[in-house]
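See below for input_38.cif, which holds mmCIF, C-alpha atoms.
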```cif
data_start
#
loop_
_atom_site.label_atom_id
_atom_site.label_comp_id
_atom_site.auth_asym_id
_atom_site.auth_seq_id
_atom_site.Cartn_x
_atom_site.Cartn_y
_atom_site.Cartn_z
CA MET H 1 70.82 -36.04 31.07
CA SER H 2 71.96 -35.48 27.52
CA ALA H 3 70.76 -37.86 24.89
CA THR H 4 73.28 -40.17 23.30
CA PRO H 5 73.23 -40.90 19.59
CA SER H 6 71.58 -44.16 18.70
CA SER H 7 73.15 -46.71 16.44
CA ALA H 8 70.47 -45.80 13.91
CA SER H 9 71.70 -42.18 13.61
CA PRO H 10 72.34 -41.23 9.98
CA THR H 11 75.91 -40.93 8.84
CA LEU H 12 76.93 -37.32 8.37
CA PRO H 13 77.91 -36.33 4.86
CA PRO H 14 81.60 -35.57 4.35
CA PHE H 15 82.80 -32.00 4.75
CA ASP H 16 82.96 -30.30 1.36
CA PRO H 17 85.55 -27.47 1.16
CA GLY H 18 83.66 -26.13 -1.86
CA ASP H 19 80.37 -26.01 0.04
CA PRO H 20 81.26 -25.97 3.74
CA LEU H 21 77.75 -25.02 4.90
CA GLY H 22 75.94 -27.46 2.64
CA THR H 23 74.04 -24.66 0.90
CA ASP H 24 73.60 -26.91 -2.11
CA ASP H 25 70.80 -28.49 -0.07
CA LEU H 26 68.83 -25.27 -0.50
CA LEU H 27 68.70 -25.69 -4.28
CA THR H 28 66.17 -27.58 -6.33
CA ASP H 29 67.19 -29.91 -9.14
CA GLU H 30 66.18 -27.20 -11.60
CA ASP H 31 68.32 -24.64 -9.73
CA ARG H 32 71.33 -26.95 -9.98
CA ALA H 33 70.69 -27.58 -13.66
CA VAL H 34 70.72 -23.83 -14.36
CA ARG H 35 73.88 -23.37 -12.31
CA ASP H 36 75.66 -26.28 -13.95
CA THR H 37 74.71 -25.13 -17.45
CA LEU H 38 76.16 -21.67 -16.89
CA ARG H 39 79.24 -23.03 -15.14
CA GLN H 40 79.98 -25.38 -18.03
CA TRP H 41 79.37 -22.67 -20.63
CA ALA H 42 81.76 -20.31 -18.83
CA ALA H 43 84.37 -23.06 -18.50
CA ASP H 44 84.18 -23.86 -22.20
CA ARG H 45 83.76 -20.41 -23.74
CA VAL H 46 85.25 -17.85 -21.37
CA LEU H 47 87.92 -19.25 -19.07
CA PRO H 48 90.28 -20.48 -21.81
CA HIS H 49 90.47 -16.96 -23.30
CA ILE H 50 89.65 -14.44 -20.58
CA ALA H 51 93.21 -13.63 -19.51
CA GLU H 52 94.11 -12.86 -23.12
CA TRP H 53 91.00 -10.72 -23.60
CA TYR H 54 91.62 -8.90 -20.35
CA GLU H 55 95.26 -8.18 -21.19
CA ALA H 56 94.28 -6.94 -24.65
CA GLY H 57 91.45 -4.84 -23.24
CA GLU H 58 88.86 -6.22 -25.61
CA LEU H 59 86.06 -8.73 -25.96
CA PRO H 60 86.45 -9.82 -29.58
CA ALA H 61 83.83 -12.57 -29.43
CA LEU H 62 81.16 -10.39 -27.82
CA ARG H 63 78.42 -10.81 -30.42
CA GLU H 64 79.02 -14.54 -30.73
CA LEU H 65 79.01 -14.98 -26.95
CA THR H 66 75.83 -12.94 -26.66
CA ARG H 67 74.02 -15.17 -29.15
CA GLU H 68 75.24 -18.25 -27.28
CA LEU H 69 73.99 -16.81 -24.00
CA GLY H 70 70.66 -16.19 -25.67
CA SER H 71 70.51 -19.78 -26.91
CA ILE H 72 70.86 -21.13 -23.35
CA GLY H 73 68.25 -18.72 -21.98
CA ALA H 74 70.60 -16.49 -19.98
CA LEU H 75 69.42 -13.12 -21.34
CA GLY H 76 66.47 -11.59 -19.51
CA MET H 77 66.15 -15.01 -17.93
CA SER H 78 64.02 -13.91 -14.97
CA LEU H 79 61.49 -12.18 -17.26
CA THR H 80 58.41 -13.92 -18.64
CA GLY H 81 57.13 -14.05 -22.20
CA TYR H 82 58.70 -12.63 -25.37
CA GLY H 83 61.20 -15.49 -25.62
CA CYS H 84 62.49 -15.06 -22.06
CA ALA H 85 63.15 -18.09 -19.88
CA GLY H 86 60.92 -17.11 -16.94
CA ALA H 87 63.51 -18.41 -14.47
CA SER H 88 63.29 -17.78 -10.73
CA ALA H 89 65.25 -15.00 -9.07
CA VAL H 90 67.46 -17.60 -7.38
CA GLN H 91 68.23 -19.22 -10.73
CA TYR H 92 69.10 -15.85 -12.23
CA GLY H 93 71.34 -15.20 -9.22
CA LEU H 94 73.11 -18.52 -9.66
CA ALA H 95 73.71 -17.64 -13.31
CA CYS H 96 75.25 -14.31 -12.27
CA LEU H 97 77.49 -16.08 -9.77
CA GLU H 98 78.80 -18.52 -12.37
CA LEU H 99 79.31 -15.84 -15.01
CA GLU H 100 81.21 -13.54 -12.66
CA ALA H 101 83.31 -16.44 -11.43
CA ALA H 102 84.60 -16.35 -15.02
CA ASP H 103 84.79 -12.55 -15.26
CA SER H 104 82.84 -9.52 -14.08
CA GLY H 105 82.73 -8.21 -17.63
CA ILE H 106 80.76 -11.23 -18.81
CA ARG H 107 78.29 -10.91 -15.96
CA SER H 108 77.98 -7.18 -16.69
CA LEU H 109 77.12 -7.97 -20.31
CA VAL H 110 74.28 -10.20 -19.15
CA SER H 111 73.13 -7.88 -16.34
CA VAL H 112 72.90 -4.82 -18.54
CA GLN H 113 71.16 -6.75 -21.29
CA GLY H 114 68.60 -8.45 -19.07
CA SER H 115 68.23 -6.56 -15.80
CA LEU H 116 68.52 -3.04 -17.18
CA ALA H 117 67.71 -2.70 -20.90
CA MET H 118 65.29 -5.63 -21.27
CA TYR H 119 63.76 -5.16 -17.82
CA ALA H 120 63.05 -1.47 -18.54
CA ILE H 121 61.24 -2.34 -21.78
CA TRP H 122 59.49 -5.35 -20.22
CA ARG H 123 58.21 -3.39 -17.22
CA PHE H 124 57.61 0.08 -18.66
CA GLY H 125 57.34 -0.38 -22.41
CA SER H 126 54.29 -0.59 -24.63
CA GLU H 127 53.22 -3.89 -26.10
CA GLU H 128 54.58 -2.75 -29.46
CA GLN H 129 57.96 -1.94 -27.91
CA LYS H 130 58.07 -5.31 -26.15
CA GLN H 131 57.26 -7.17 -29.35
CA ARG H 132 59.81 -5.16 -31.32
CA TRP H 133 62.77 -5.53 -28.99
CA LEU H 134 62.47 -8.28 -26.39
CA PRO H 135 62.43 -11.47 -28.50
CA ALA H 136 65.52 -10.39 -30.42
CA MET H 137 67.27 -9.30 -27.22
CA ALA H 138 66.41 -12.57 -25.46
CA ALA H 139 67.96 -14.45 -28.40
CA GLY H 140 71.08 -12.29 -28.29
CA GLU H 141 70.46 -10.98 -31.79
CA VAL H 142 70.08 -7.41 -30.52
CA ILE H 143 72.28 -6.05 -27.74
CA GLY H 144 70.92 -3.38 -25.40
CA CYS H 145 72.44 -0.74 -23.17
CA PHE H 146 71.08 1.50 -20.40
CA GLY H 147 71.88 5.21 -20.33
CA LEU H 148 71.42 6.87 -16.96
CA THR H 149 74.84 7.98 -15.60
CA GLU H 150 76.21 11.22 -17.02
CA PRO H 151 79.70 12.76 -16.98
CA ASP H 152 78.72 15.13 -14.17
CA HIS H 153 75.91 13.15 -12.54
CA GLY H 154 76.44 9.63 -11.26
CA SER H 155 75.12 9.16 -7.73
CA ASP H 156 72.64 12.02 -8.22
CA PRO H 157 70.67 11.08 -11.34
CA ALA H 158 68.07 13.72 -10.53
CA GLY H 159 70.61 16.27 -11.74
CA MET H 160 70.84 14.78 -15.23
CA ARG H 161 71.19 17.24 -18.10
CA THR H 162 70.12 15.01 -20.99
CA TYR H 163 66.91 16.56 -22.24
CA ALA H 164 64.12 15.53 -24.58
CA LYS H 165 61.68 18.07 -25.92
CA ARG H 166 58.57 17.61 -27.98
CA ASP H 167 58.60 18.78 -31.59
CA GLY H 168 55.18 18.14 -33.03
CA SER H 169 54.53 14.44 -32.51
CA ASP H 170 58.27 13.69 -32.29
CA TRP H 171 60.82 13.95 -29.52
CA VAL H 172 64.25 15.54 -29.96
CA LEU H 173 66.90 14.15 -27.62
CA ASN H 174 70.16 15.87 -26.62
CA GLY H 175 72.76 14.96 -24.04
CA ARG H 176 75.53 12.61 -23.00
CA LYS H 177 75.73 9.46 -20.92
CA MET H 178 78.93 8.01 -19.49
CA TRP H 179 80.32 4.60 -18.46
CA ILE H 180 77.70 2.69 -20.43
CA THR H 181 78.28 -1.06 -20.71
CA ASN H 182 77.53 -2.45 -24.21
CA GLY H 183 77.08 1.09 -25.55
CA SER H 184 79.05 0.90 -28.79
CA VAL H 185 77.72 -2.56 -29.72
CA ALA H 186 74.08 -1.98 -28.78
CA GLY H 187 71.22 -1.99 -31.23
CA VAL H 188 68.92 -0.26 -28.77
CA ALA H 189 69.71 2.13 -25.95
CA VAL H 190 67.30 2.77 -23.09
CA VAL H 191 68.05 6.43 -22.38
CA TRP H 192 66.65 8.44 -19.49
CA ALA H 193 66.15 12.17 -20.02
CA ARG H 194 64.56 15.19 -18.48
CA THR H 195 61.40 16.43 -20.15
CA ASP H 196 58.82 19.08 -19.36
CA GLU H 197 56.73 16.18 -18.00
CA GLY H 198 59.45 14.82 -15.72
CA ILE H 199 62.13 12.19 -16.28
CA ARG H 200 61.16 9.78 -19.06
CA GLY H 201 62.76 6.73 -20.63
CA PHE H 202 63.23 6.26 -24.38
CA ALA H 203 63.98 3.16 -26.45
CA VAL H 204 66.48 4.64 -28.88
CA PRO H 205 67.57 2.68 -31.98
CA THR H 206 71.32 3.27 -32.03
CA GLY H 207 71.30 3.77 -35.79
CA SER H 208 69.29 6.97 -35.36
CA PRO H 209 70.92 10.08 -36.90
CA GLY H 210 72.73 12.08 -34.23
CA PHE H 211 73.37 9.08 -31.97
CA SER H 212 76.95 7.91 -31.42
CA ALA H 213 78.67 5.74 -28.83
CA PRO H 214 82.45 6.13 -28.76
CA GLU H 215 84.14 3.37 -26.77
CA ILE H 216 86.01 4.29 -23.59
CA LYS H 217 89.60 3.05 -23.61
CA HIS H 218 92.50 3.05 -21.12
CA LYS H 219 90.59 1.17 -18.41
CA TRP H 220 92.38 -0.84 -15.73
CA SER H 221 89.19 -2.57 -14.67
CA LEU H 222 86.48 -4.45 -16.60
CA ARG H 223 88.91 -4.65 -19.49
CA ALA H 224 87.10 -7.59 -21.11
CA SER H 225 83.95 -5.50 -21.41
CA VAL H 226 82.72 -2.84 -23.81
CA THR H 227 82.26 0.50 -22.03
CA SER H 228 81.13 3.57 -23.93
CA GLU H 229 79.93 7.13 -23.86
CA LEU H 230 76.54 7.84 -25.42
CA VAL H 231 76.23 11.10 -27.35
CA MET H 232 72.82 12.34 -28.46
CA ASP H 233 72.94 15.33 -30.79
CA ASP H 234 69.43 16.29 -31.92
CA VAL H 235 68.32 12.66 -32.10
CA ARG H 236 64.79 12.73 -33.48
CA LEU H 237 62.51 10.00 -32.18
CA PRO H 238 58.89 9.16 -32.96
CA ALA H 239 56.28 9.48 -30.25
CA ASP H 240 56.23 5.73 -29.73
CA ALA H 241 59.90 5.69 -28.62
CA VAL H 242 59.00 6.85 -25.10
CA LEU H 243 58.40 4.16 -22.49
CA PRO H 244 54.80 4.89 -21.48
CA GLY H 245 54.90 3.21 -18.07
CA ALA H 246 57.60 5.29 -16.39
CA THR H 247 57.62 8.91 -15.32
CA GLY H 248 60.11 10.18 -12.75
CA LEU H 249 63.14 8.56 -11.16
CA ARG H 250 61.24 5.54 -9.87
CA GLY H 251 61.51 3.98 -13.31
CA PRO H 252 65.29 3.90 -13.68
CA LEU H 253 65.85 3.27 -9.96
CA SER H 254 63.66 0.17 -10.04
CA CYS H 255 65.76 -1.11 -12.96
CA LEU H 256 68.93 -0.47 -10.96
CA SER H 257 67.53 -2.38 -7.99
CA HIS H 258 66.86 -5.35 -10.26
CA ALA H 259 70.44 -5.23 -11.58
CA ARG H 260 71.98 -4.74 -8.14
CA TYR H 261 70.37 -7.96 -7.05
CA GLY H 262 72.44 -9.76 -9.69
CA ILE H 263 75.58 -8.11 -8.33
CA VAL H 264 74.85 -9.51 -4.87
CA TRP H 265 75.28 -12.97 -6.39
CA GLY H 266 77.86 -12.12 -9.02
CA SER H 267 80.37 -10.62 -6.61
CA MET H 268 80.41 -13.91 -4.75
CA GLY H 269 81.37 -15.61 -8.01
CA ALA H 270 84.47 -13.44 -8.28
CA ALA H 271 85.22 -14.10 -4.61
CA ARG H 272 84.79 -17.84 -5.09
CA ALA H 273 87.21 -17.92 -7.99
CA ALA H 274 89.83 -16.05 -5.96
CA PHE H 275 89.30 -18.26 -2.91
CA GLU H 276 89.52 -21.48 -4.90
CA SER H 277 92.72 -20.29 -6.54
CA ALA H 278 94.24 -19.43 -3.15
CA LEU H 279 93.14 -22.73 -1.61
CA GLU H 280 94.66 -24.81 -4.40
CA TYR H 281 97.86 -22.74 -4.27
CA ALA H 282 98.11 -23.17 -0.49
CA ARG H 283 97.84 -26.95 -0.85
CA THR H 284 100.63 -27.20 -3.43
CA ARG H 285 103.04 -24.28 -2.88
CA GLU H 286 105.88 -25.33 -0.59
CA GLN H 287 107.99 -23.11 1.63
CA PHE H 288 110.20 -24.18 4.54
CA GLY H 289 109.77 -27.77 3.48
CA ARG H 290 105.97 -28.07 3.46
CA PRO H 291 102.83 -26.67 1.78
CA ILE H 292 102.04 -23.16 2.95
CA GLY H 293 98.48 -24.31 3.67
CA GLY H 294 99.93 -26.14 6.68
CA PHE H 295 100.92 -22.90 8.40
CA GLN H 296 98.55 -21.38 10.95
CA LEU H 297 98.52 -17.88 9.46
CA THR H 298 97.59 -19.20 6.02
CA GLN H 299 94.85 -21.38 7.47
CA ALA H 300 93.49 -18.38 9.37
CA LYS H 301 93.27 -16.44 6.11
CA LEU H 302 91.56 -19.31 4.32
CA ALA H 303 89.09 -19.80 7.16
CA ASP H 304 88.16 -16.11 7.24
CA MET H 305 87.78 -16.03 3.45
CA ALA H 306 85.54 -19.10 3.47
CA VAL H 307 83.35 -17.66 6.23
CA GLU H 308 82.75 -14.38 4.39
CA LEU H 309 82.29 -16.09 1.02
CA HIS H 310 79.63 -18.48 2.19
CA LYS H 311 77.89 -15.94 4.43
CA GLY H 312 77.61 -13.82 1.28
CA ILE H 313 76.17 -16.73 -0.71
CA LEU H 314 73.64 -17.38 2.04
CA LEU H 315 72.68 -13.69 2.01
CA ALA H 316 72.26 -13.76 -1.76
CA HIS H 317 70.13 -16.88 -1.55
CA HIS H 318 67.92 -15.35 1.14
CA LEU H 319 67.38 -12.20 -0.94
CA GLY H 320 66.59 -14.36 -3.96
CA ARG H 321 63.88 -16.24 -2.11
CA ARG H 322 62.43 -12.92 -0.95
CA MET H 323 62.42 -11.64 -4.53
CA ASP H 324 60.68 -14.80 -5.72
CA ALA H 325 58.07 -14.25 -3.01
CA GLY H 326 57.59 -10.60 -4.02
CA ARG H 327 58.95 -9.41 -0.66
CA LEU H 328 62.36 -7.98 -1.52
CA ARG H 329 62.75 -4.30 -0.62
CA PRO H 330 65.30 -1.96 -2.28
CA GLU H 331 66.95 -1.41 1.11
CA GLN H 332 67.59 -5.14 1.35
CA VAL H 333 69.23 -5.11 -2.08
CA SER H 334 71.45 -2.27 -0.85
CA PHE H 335 72.31 -4.40 2.17
CA GLY H 336 73.38 -7.24 -0.10
CA LYS H 337 75.35 -5.16 -2.57
CA LEU H 338 77.16 -3.24 0.16
CA ASN H 339 78.18 -6.36 2.06
CA ASN H 340 78.95 -8.77 -0.73
CA VAL H 341 81.01 -6.54 -3.00
CA ARG H 342 82.98 -5.16 -0.08
CA GLU H 343 83.72 -8.66 1.23
CA ALA H 344 84.51 -9.97 -2.26
CA ILE H 345 87.23 -7.36 -2.69
CA GLU H 346 88.71 -8.26 0.68
CA ILE H 347 88.67 -11.96 -0.24
CA CYS H 348 90.53 -11.18 -3.47
CA ARG H 349 93.10 -9.07 -1.65
CA THR H 350 93.68 -11.79 0.92
CA ALA H 351 93.93 -14.42 -1.80
CA ARG H 352 96.58 -12.28 -3.48
CA THR H 353 98.71 -12.37 -0.31
CA ILE H 354 98.54 -16.18 -0.25
CA LEU H 355 99.70 -16.36 -3.85
CA GLY H 356 102.49 -13.88 -3.17
CA ALA H 357 104.08 -12.47 -6.32
CA ASN H 358 102.12 -14.96 -8.43
CA GLY H 359 98.98 -13.20 -7.26
CA ILE H 360 99.59 -10.33 -9.68
CA SER H 361 100.01 -12.63 -12.68
CA LEU H 362 97.24 -13.17 -15.20
CA GLU H 363 98.08 -16.86 -15.02
CA TYR H 364 95.88 -16.73 -11.93
CA PRO H 365 92.47 -15.01 -11.77
CA VAL H 366 92.93 -13.18 -8.48
CA MET H 367 94.21 -9.75 -9.52
CA ARG H 368 91.87 -9.67 -12.51
CA HIS H 369 88.90 -10.22 -10.22
CA ALA H 370 90.20 -7.71 -7.68
CA THR H 371 90.53 -4.94 -10.26
CA ASN H 372 87.16 -5.77 -11.79
CA LEU H 373 85.50 -5.57 -8.40
CA GLU H 374 86.78 -2.02 -7.96
CA SER H 375 84.35 -1.09 -10.74
CA VAL H 376 81.59 -3.27 -9.34
CA LEU H 377 82.05 -1.51 -6.00
CA THR H 378 81.25 1.81 -7.66
CA TYR H 379 78.68 1.16 -10.35
CA GLU H 380 74.97 0.84 -9.62
CA GLY H 381 75.45 2.57 -6.30
CA THR H 382 78.69 3.42 -4.49
CA VAL H 383 79.45 2.17 -0.98
CA GLU H 384 78.52 5.56 0.41
CA MET H 385 75.13 5.64 -1.32
CA HIS H 386 74.17 2.19 -0.07
CA GLN H 387 75.33 3.14 3.43
CA LEU H 388 73.02 6.15 3.28
CA VAL H 389 70.12 4.07 1.96
CA LEU H 390 70.52 1.76 4.95
CA GLY H 391 71.13 4.68 7.31
CA LYS H 392 67.87 6.29 6.26
CA ALA H 393 66.02 2.98 6.61
CA LEU H 394 67.46 2.42 10.09
CA THR H 395 66.96 5.92 11.48
CA GLY H 396 64.12 7.33 9.43
CA LEU H 397 66.31 10.37 8.73
CA ASP H 398 67.40 11.39 5.23
CA ALA H 399 71.12 12.22 5.08
CA PHE H 400 71.37 12.46 1.31
CA ARG H 401 71.03 16.24 1.30
#
```

Written as structure tokens, how would this file's structure read?
Amino acid sequence: MSATPSSASPTLPPFDPGDPLGTDDLLTDEDRAVRDTLRQWAADRVLPHIAEWYEAGELPALRELTRELGSIGALGMSLTGYGCAGASAVQYGLACLELEAADSGIRSLVSVQGSLAMYAIWRFGSEEQKQRWLPAMAAGEVIGCFGLTEPDHGSDPAGMRTYAKRDGSDWVLNGRKMWITNGSVAGVAVVWARTDEGIRGFAVPTGSPGFSAPEIKHKWSLRASVTSELVMDDVRLPADAVLPGATGLRGPLSCLSHARYGIVWGSMGAARAAFESALEYARTREQFGRPIGGFQLTQAKLADMAVELHKGILLAHHLGRRMDAGRLRPEQVSFGKLNNVREAIEICRTARTILGANGISLEYPVMRHATNLESVLTYEGTVEMHQLVLGKALTGLDAFR
């Protein structure tokens, strides 16, 4: 016989459309405090202006915003020491989610600063390099960028042409990097180059003679973000510019894995913003004498969007706990990036159909997030590359070449 509930059974909490699975229960008080801090900062400092910035294709308050992010501990927040917050991986992920719910460009600013430029120096740099750069970067006083992708070599970084050769005790660096977030505003660029000793990383002060970073214009995605080309023309660097702890591709690829983890969370922020916009619109927009949210087809769309959104958040949370436990594999990060960005784009596209013609207006965030996610889908590993990473892991067979 089945048991019947007793009169002492606890009362179920109400259903929360914003958290239908009750995943907030998985968070600690400290996790929630981090999340709420970033959400409030984004609401105060980004959301009132982001449509204007996006339409203009600029981020005029970038340096001010970076210093503010430093003051609340959001830069390099999962790193320890050197002025970094030492937050958990889950807390860093929650920060990425809240920042990308405002705009992917803001999350990219933080990701490149902390998970790429600062992480590279923190993990592979000398103590002198860490002391020189990390405290100022954590405070937002120095902005960093990460130069790996080249005009002719994106998914195949092993084919890079940027080259550094020894000249006495110095290094001389030549080459170009492309699609570099923060490039033209950075004070330090972590640049990866071929050498006679293998691929090495260099901490390059951007004021060095021969270094330039022209900004890339005419973008239809990540418009509220600084994207640049890096040009190195006989840039002379002292011996202590090389990152001593990294030789070969494992160095830059480990940095990318760290940054991709933030995307797993961040993409769900963009999806959440689009979903919330569509849900509110469906409750208030009337057609045929009643709100469109009362029609079965609209409810089916909303239900499917909610399922994929919160499955993605659960996946991100699971990967975060694995990272905190030191058990997160690169293949698992690929799993998360592949799924969550792909589903986030679909959520945005579906949200656009619910908003109808209003969905293309910058008065709503949906199309802005959708176009931003087209860049997120490509950078730090295309769909195809992550499919092949998982395919190799599943079959044991390498299909890359």

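Going from CA of Arg194 in chain H over to CA of Val231 in chain H, you cover 15.2 Å.
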
Using the chain letters and residue numbers of this document, give as a PyMOL selection string the residues selected by the PyMOL selection byres ((chain H and resi 93) around 12).
chain H and resi 27+31-32+34-35+38+74+76-78+87-92+94-100+107+110-111+115+258-269+313-321+323-324

Using only C-alpha atoms, which residue out of H:Gly187, H:Ile106, H:Arg401, H:Pro13 lies closest to Leu47 in chain H?
H:Ile106

Of the residues H:Thr37, H:Thr206, H:Thr162, H:Ser257, which is the one nearest to Gln332 in chain H, using only C-alpha atoms?
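Closest candidate: H:Ser257.
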
For the provided coordinates, the residues matched by the PyMOL selection byres ((chain H and resi 160) around 8) should be stated as a PyMOL selection string.
chain H and resi 149-150+152-153+156-159+161-162+193-194

Could those selected residues go to a file with C-alpha atoms, as a tab-separated table (two decimals), keeping the file's coordinate frame?
```tsv
chain	number	residue	atom	x	y	z
H	149	THR	CA	74.84	7.98	-15.60
H	150	GLU	CA	76.21	11.22	-17.02
H	152	ASP	CA	78.72	15.13	-14.17
H	153	HIS	CA	75.91	13.15	-12.54
H	156	ASP	CA	72.64	12.02	-8.22
H	157	PRO	CA	70.67	11.08	-11.34
H	158	ALA	CA	68.07	13.72	-10.53
H	159	GLY	CA	70.61	16.27	-11.74
H	161	ARG	CA	71.19	17.24	-18.10
H	162	THR	CA	70.12	15.01	-20.99
H	193	ALA	CA	66.15	12.17	-20.02
H	194	ARG	CA	64.56	15.19	-18.48
```

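Here the PyMOL selection byres ((chain H and resi 18) around 12) catches exactly these residues: H:Pro14, H:Phe15, H:Asp16, H:Pro17, H:Asp19, H:Pro20, H:Leu21, H:Gly22, H:Thr23, H:Asp24, H:Arg272, H:Ala273, H:Phe275, H:Glu276, H:Ser277, H:Leu279, H:Glu280, H:Ala306, H:Val307, H:Leu309, H:His310.
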
CA of Ser254 in chain H and CA of Arg329 in chain H, how far apart in Å?
10.5 Å

Do you have the CA of Leu134 in chain H-CA of Cys255 in chain H distance handy?
15.6 Å

With only C-alpha atoms as the counted atoms, please give the residues lying no more than 12 Å from Glu384 in chain H, apart from itself and same-chain residues fewer than 4 positions off, as JSON, numbers by chain.
{"H": [155, 334, 335, 337, 338, 342, 377, 378, 379, 380, 388, 389, 390, 391, 399, 400]}

From the set H:Pro330, H:Leu355, H:Glu30, H:Glu346, which residue has the shortest atom-to-atom contact distance to Ile292 in chain H, counting all atoms listed in the file?
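Of all the options, H:Leu355 lies closest to Ile292 in chain H.
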
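Nearest to Leu59 in chain H of all the residues H:Asp25, H:Asp234, H:Glu363, H:Asp103 is H:Asp103, based on all atoms listed in the file.
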
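Each of H:Cys84, H:Ala136, H:Cys145, H:Leu243 was compared to Val226 in chain H using all atoms listed in the file, and H:Cys145 turns out to be the nearest.
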
Hey, which of H:Asp196, H:Arg327, H:Ala164, H:Val185 ends up closest to Ala61 in chain H? Count all atoms listed in the file.
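Distance minimum relative to Ala61 in chain H lands on H:Val185.
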
Contacts of Leu109 in chain H within 9 Å, all atoms listed in the file, excl. fewer than 2 positions in-chain, as number ranges by chain:
H: 62, 66, 104-107, 111-114, 181-182, 225-226

Which residues, written as an NGL selection string, have at least one atom at most 9 Å from Thr247 in chain H, with all atoms listed in the file counted and residues fewer than 2 positions away on the same chain left out?
:H and (197-201 or 243-245 or 249-251)

Write out the residues from the selection above, keeping C-alpha atoms, as a PDB file, in the coordinates of the input.
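The new file out.pdb reads:
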```pdb
ATOM      1  CA  GLU H 197      56.730  16.180 -18.000  1.00  0.00           C
ATOM      2  CA  GLY H 198      59.450  14.820 -15.720  1.00  0.00           C
ATOM      3  CA  ILE H 199      62.130  12.190 -16.280  1.00  0.00           C
ATOM      4  CA  ARG H 200      61.160   9.780 -19.060  1.00  0.00           C
ATOM      5  CA  GLY H 201      62.760   6.730 -20.630  1.00  0.00           C
ATOM      6  CA  LEU H 243      58.400   4.160 -22.490  1.00  0.00           C
ATOM      7  CA  PRO H 244      54.800   4.890 -21.480  1.00  0.00           C
ATOM      8  CA  GLY H 245      54.900   3.210 -18.070  1.00  0.00           C
ATOM      9  CA  LEU H 249      63.140   8.560 -11.160  1.00  0.00           C
ATOM     10  CA  ARG H 250      61.240   5.540  -9.870  1.00  0.00           C
ATOM     11  CA  GLY H 251      61.510   3.980 -13.310  1.00  0.00           C
TER      12      GLY H 251
END
```
